[in-house]
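Trainee: Attaching a single structure in structure tokens format; questions to follow.
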Amino acid sequence: MAEQVLMLALSPTMEEGTIVKWHKKEGDPVAQSDIICEVETDKATMEYEAVDEGTLLKILVHDGGQARVGEPIAVVGEPGEDISGMLKEAEQKPEPDASESAAPESAVPQVKAAPAGGAAGAAATTPSAPQVPAGEVKASPLARKMATGHGIDIRVLRGSGPAGRIVKRDIENALRRAASYGPAAAVGVQGPAASGKDERIPVSGKRKIIAQRLAESKFSAPHYYLRIDVDAGAMMAARQRLNARLPKDPAGKVSPNAFLIKFVAETLKKYPVVNSSWQGDAILRFGKIDIALAVAQDDGLITPVVRDCGSKGIVQIDRDLKNLIDKVHNNKLTPDEYNGATFTISSLGTSGILEFTAIINPPGSAILAVGRIHKAPVVGDDGAIGVRSQMMLTLSCDHRVIDGAVGAAFLSDLKAFIEYPIDLLY
Amino acid sequence: MPVIAFRQALKDAMDEEMARDQNVILMGEEVAQYNGAYKVSQGLLDKYGPERVIDTPITEEGFTGVGIGAAMVGLRPIVEWMTLNFSAQAFDQVLNNAAKLRHMSGGQLNVPIVFRGPNGPAEYLSSQHSQSFQAFYSHIPGLKVVAPYTPHDAKGMLKSAIRDDNPVIFLENEMMYAWKGEVPEEEYLVALGKADIKRTGEEVTLISFSKPMQTVLEAAEVLEKEGYSAEVLDLRSLRPLDEEAVFASVVKTNRCVIIDNDWPMASFGSYLGWLISKNCFDSLDAPVELVAMEDVPMPYNHNLELAVQPSVEKIVTAAKRVMYV
């Protein structure tokens, strides 16, 4: 008996997935736990493992195609089995369209009405963002591979090859554009349009989730901000000593972020309130200190989480972090590696930003925005002016959980730890 | 380093191998008293005598079969076909005896023989004498098929072919016999099955062998003048084929044009195109292009004769098509 293979929710927030690549083709045998395809969720590219055994009879959603969670993407059964009825049923499924999922019973008449209504009618029945069926995107195999590797949504690019085929140079141009706008700029989004024409860029799944989560956080959590100027000299000197002592690691030197994560973790131990979450009717005090670092990607950002930082040393934290960031760049980060941070750090120092405010990353209640470490003249306690390595820290707090005095005490202790790391031992 | 003609390089190879090994003999039409229809065997009769340099009757099937029989019992014959077009007469001997006997005797018999002669179009030879045979012969398991472009490779590969225990089809071209190139004085061998990068480049790989290599190298220069960097790969050997070198180049440049002066359908070039598409699929930025002979019998009219063959212009156009410029 043939079974439909349904799009599964491969991440907790996933509503829709894009088939990056089928590993099986029609007619291939499928065994349980075989990887049948790769699916791009709102955050990462996941491998889809087969649940049903049999033969892959029909692929319904091809490479690049999208399906909402619960929609059929393929049919598995016995070779030669008649699946025409099942295919017909699959075809009648409404188009993946936001308005239709809200009112499924109206979908069929709407579709039928479209041809009669002419161009205007058709436009009126498809109010959502224009979905370019990925199967119709023409791209060279190399361009597809490059796009997948760089996390570029190939559907938003314009191909320069014959009949609009997307080729290597189109991907290279997109990457160049992205690079010139800095690491966080979305690839595929045109820069200042040379044509002078406005352009509608379909919102990717990931962009949708970023928008939804950050808007929800900013609109529901009453943010307030605390700013403190920190002398990073002791931390940088300690880092230098550590790196000089460590055997040459091919992955590179221990990063300042690993130090910051450790200092924050130690400070959180003193202020469990800051390591908490607003749950509406309760405040959840987390049992562990799981600190996320915001990492920019070509098409958005993601927050890999270093787990249990309270019980790890700086070197271990650095290893974990490098491992996670590697996965980010290969698009292999799994949901349990980027969800559920109890505290988040965002650093724009490498972009030269002196100070900024960040939006809290739920379920945490605070986020630390780290500015560039820079040389500045500072008036010391003795009244003399000296040149120091200064760093501006800005803490965003959810006032429902963290009151101003607590937030201020936390930040002040964090500053003390960074400036006098020996204090950690007291 | 001495500069010698292709025909001299072939002669030197045969001469050295005949001097080295008593069992090496040369047979074919006009190879002895006339010194070869294209003077490739100049002086060999005088040096080695009529027992080892043998003029045969005009019976390709007969003397090809005699050569195969001689190889089976221990000689290492070089059979010259006056042109590969005449080898059609001897095709059954090659297909069913030379290529099969080692396999069908369970390895008890070897057929260490070289069939050599001019292949592909020359000039003014019309339909029946301008044909390319690389597809016919490279189709057959049990044979080796080689097609050098330079006098250096011709000498080194012919020596390797004579020493090889398998039947080797050695493809030359009438126009190439007078082409000159550097050939070392000291003895050397060129292994069968190794391609040669004639020119390194970044944006497109041009793959060919034998006489069209000259046209391909000219095309690469035209491309360079226009600002495009082409890598040129001389296969030298079709079977065995240096797949590794082909794939490495295509993976590097992402684009490929194959130049095979033979009809396109079921040709060596079309096979190579499939092989590349299959193995380098994710590295290809454009479909593999094939610049072949037009799918017609060779016209006698000289303008048309040139028009149906790969040209610099056709190669440059194909290269630009795969580079999308």
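Simple scheme: letters A, B, ... for chains in structure tokens order, numbers from 1 for residues in each chain, numbers from 1 for ligands in the order shown.
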Please identify all residues of chain A having at least one atom at most 10 Å from any atom of chain B, considering only C-alpha atoms, and return them as a ChimeraX atom specification.

Mentor: /A:139-146,160-162,165-169

Trainee: I'd like the contact shell of Gln390 of chain A - 7 Å cut-off, only C-alpha atoms, skipping same-chain residues fewer than 4 positions apart - returned as a list in words.

Mentor: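 My list of contacting residues is Asp229, Val230, Asp231, Ala232, Ile373, His374, Lys375 and Ala376 of chain A.
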
Trainee: Please provide the set of residues having any atom within 12 Å of Thr59 of chain B, restricted to only C-alpha atoms, with same-chain residues fewer than 5 positions apart removed, written as a list in words.

Mentor: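 Contacts, with the query itself left out: Met27, Gly28, Glu29, Thr64, Gly65, Val66, Trp81, Met82, Phe86, Ser87, Ala88, Gln89 and Ala90 of chain B.
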
Trainee: Fewer than 6 positions away in the same chain doesn't count, so skip those; otherwise give me all residues within 8 Å of segment 27-36 of chain A, counting only C-alpha atoms, as a count of residues only.

Mentor: 14

Trainee: Just list as a PyMOL selection string whatever in segment 268-316 of chain B DSSP marks as helix (DSSP H, G or I).

Mentor: chain B and resi 268-279+281-283+302-307+312-316

Trainee: Residues at most 7 Å from Met392 of chain A, counting only C-alpha atoms, excluding those fewer than 3 positions away in the same chain, as a list in words?

Mentor: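 Listing them by chain and then by number gives Ile228, Asp229, Val230, Leu354, Glu355, Val370 and Gly371 of chain A.
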
Trainee: Just C-alpha atoms for this one: save the residues we selected as a PDB file, in the first residue's frame.

Mentor:
```pdb
ATOM      1  CA  ILE A 228      28.988  50.643  30.708  1.00  0.00           C
ATOM      2  CA  ASP A 229      32.512  51.410  29.542  1.00  0.00           C
ATOM      3  CA  VAL A 230      34.958  48.613  30.288  1.00  0.00           C
ATOM      4  CA  LEU A 354      31.472  51.383  18.984  1.00  0.00           C
ATOM      5  CA  GLU A 355      28.206  50.722  20.736  1.00  0.00           C
ATOM      6  CA  VAL A 370      29.501  44.322  22.589  1.00  0.00           C
ATOM      7  CA  GLY A 371      31.250  47.177  20.819  1.00  0.00           C
TER       8      GLY A 371
END
```

Trainee: Which residue gives the smallest distance to Ala265 of chain A among A:Leu6, A:Leu246, A:Cys309, A:Leu293, with only C-alpha atoms counted?

Mentor: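 Checking each candidate against Ala265 of chain A, we get A:Cys309 as the closest.
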
Trainee: Between atom CA of Lys144 of chain B and atom CA of Pro57 of chain B, what is the spacing in Å?

Mentor: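 Computed distance, atom CA of Pro57 of chain B to atom CA of Lys144 of chain B, equals 26.2 Å.
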
Trainee: May I have all residues of segment 205-315 of chain B that DSSP, computed from the backbone, assigns to strand (DSSP E), given as number ranges by chain?

Mentor: B: 205-208, 230-234, 237-239, 256-260, 289-292

Trainee: Name the closest residue to Tyr271 of chain A among the candidates A:Lys253, A:Pro247, A:Gly340, A:Ala409; distances are taken between atoms, counting only C-alpha atoms.

Mentor: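 For Tyr271 of chain A, the nearest of the given residues is A:Ala409.
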
Trainee: Excluding segment 180-195 of chain B and its own-chain neighbours fewer than 3 positions away, which residues fall within 9 Å of it when counting only C-alpha atoms? Please give them as a count of residues only.

Mentor: 39

Trainee: As an exercise, work out the distance from atom CA of Met14 of chain B to atom CA of Ser41 of chain B in Å and give it to one decimal place.

Mentor: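 That distance, rounded to one decimal, is 8.2 Å.
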
Trainee: Write out as an MDAnalysis selection string which residues come within 9 Å of Leu223 of chain B when counting only C-alpha atoms, dropping same-chain ones fewer than 4 positions away.

Mentor: chainID B and resid 218:219 227:230 316 319:320

Trainee: Would you export the selected residues with C-alpha atoms as a CSV table (one decimal), in the first residue's frame, please?

Mentor:
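Okay, part-v4.csv is ready:
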```
chain,number,residue,atom,x,y,z
B,218,GLU,CA,45.2,28.5,-32.4
B,219,ALA,CA,41.7,28.9,-31.0
B,227,GLY,CA,40.8,38.1,-22.8
B,228,TYR,CA,39.6,34.5,-22.1
B,229,SER,CA,41.8,31.9,-20.5
B,230,ALA,CA,41.5,28.5,-22.1
B,316,VAL,CA,36.0,30.0,-30.4
B,319,ALA,CA,34.0,28.2,-26.0
B,320,LYS,CA,32.2,31.6,-25.8
```

Trainee: So, counting only C-alpha atoms, which residue among B:Pro310, B:Gly273, B:Pro141, B:Pro118 is closest to Leu171 of chain B?

Mentor: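 Of B:Pro310, B:Gly273, B:Pro141, B:Pro118, the one nearest Leu171 of chain B is B:Pro118, counting only C-alpha atoms.
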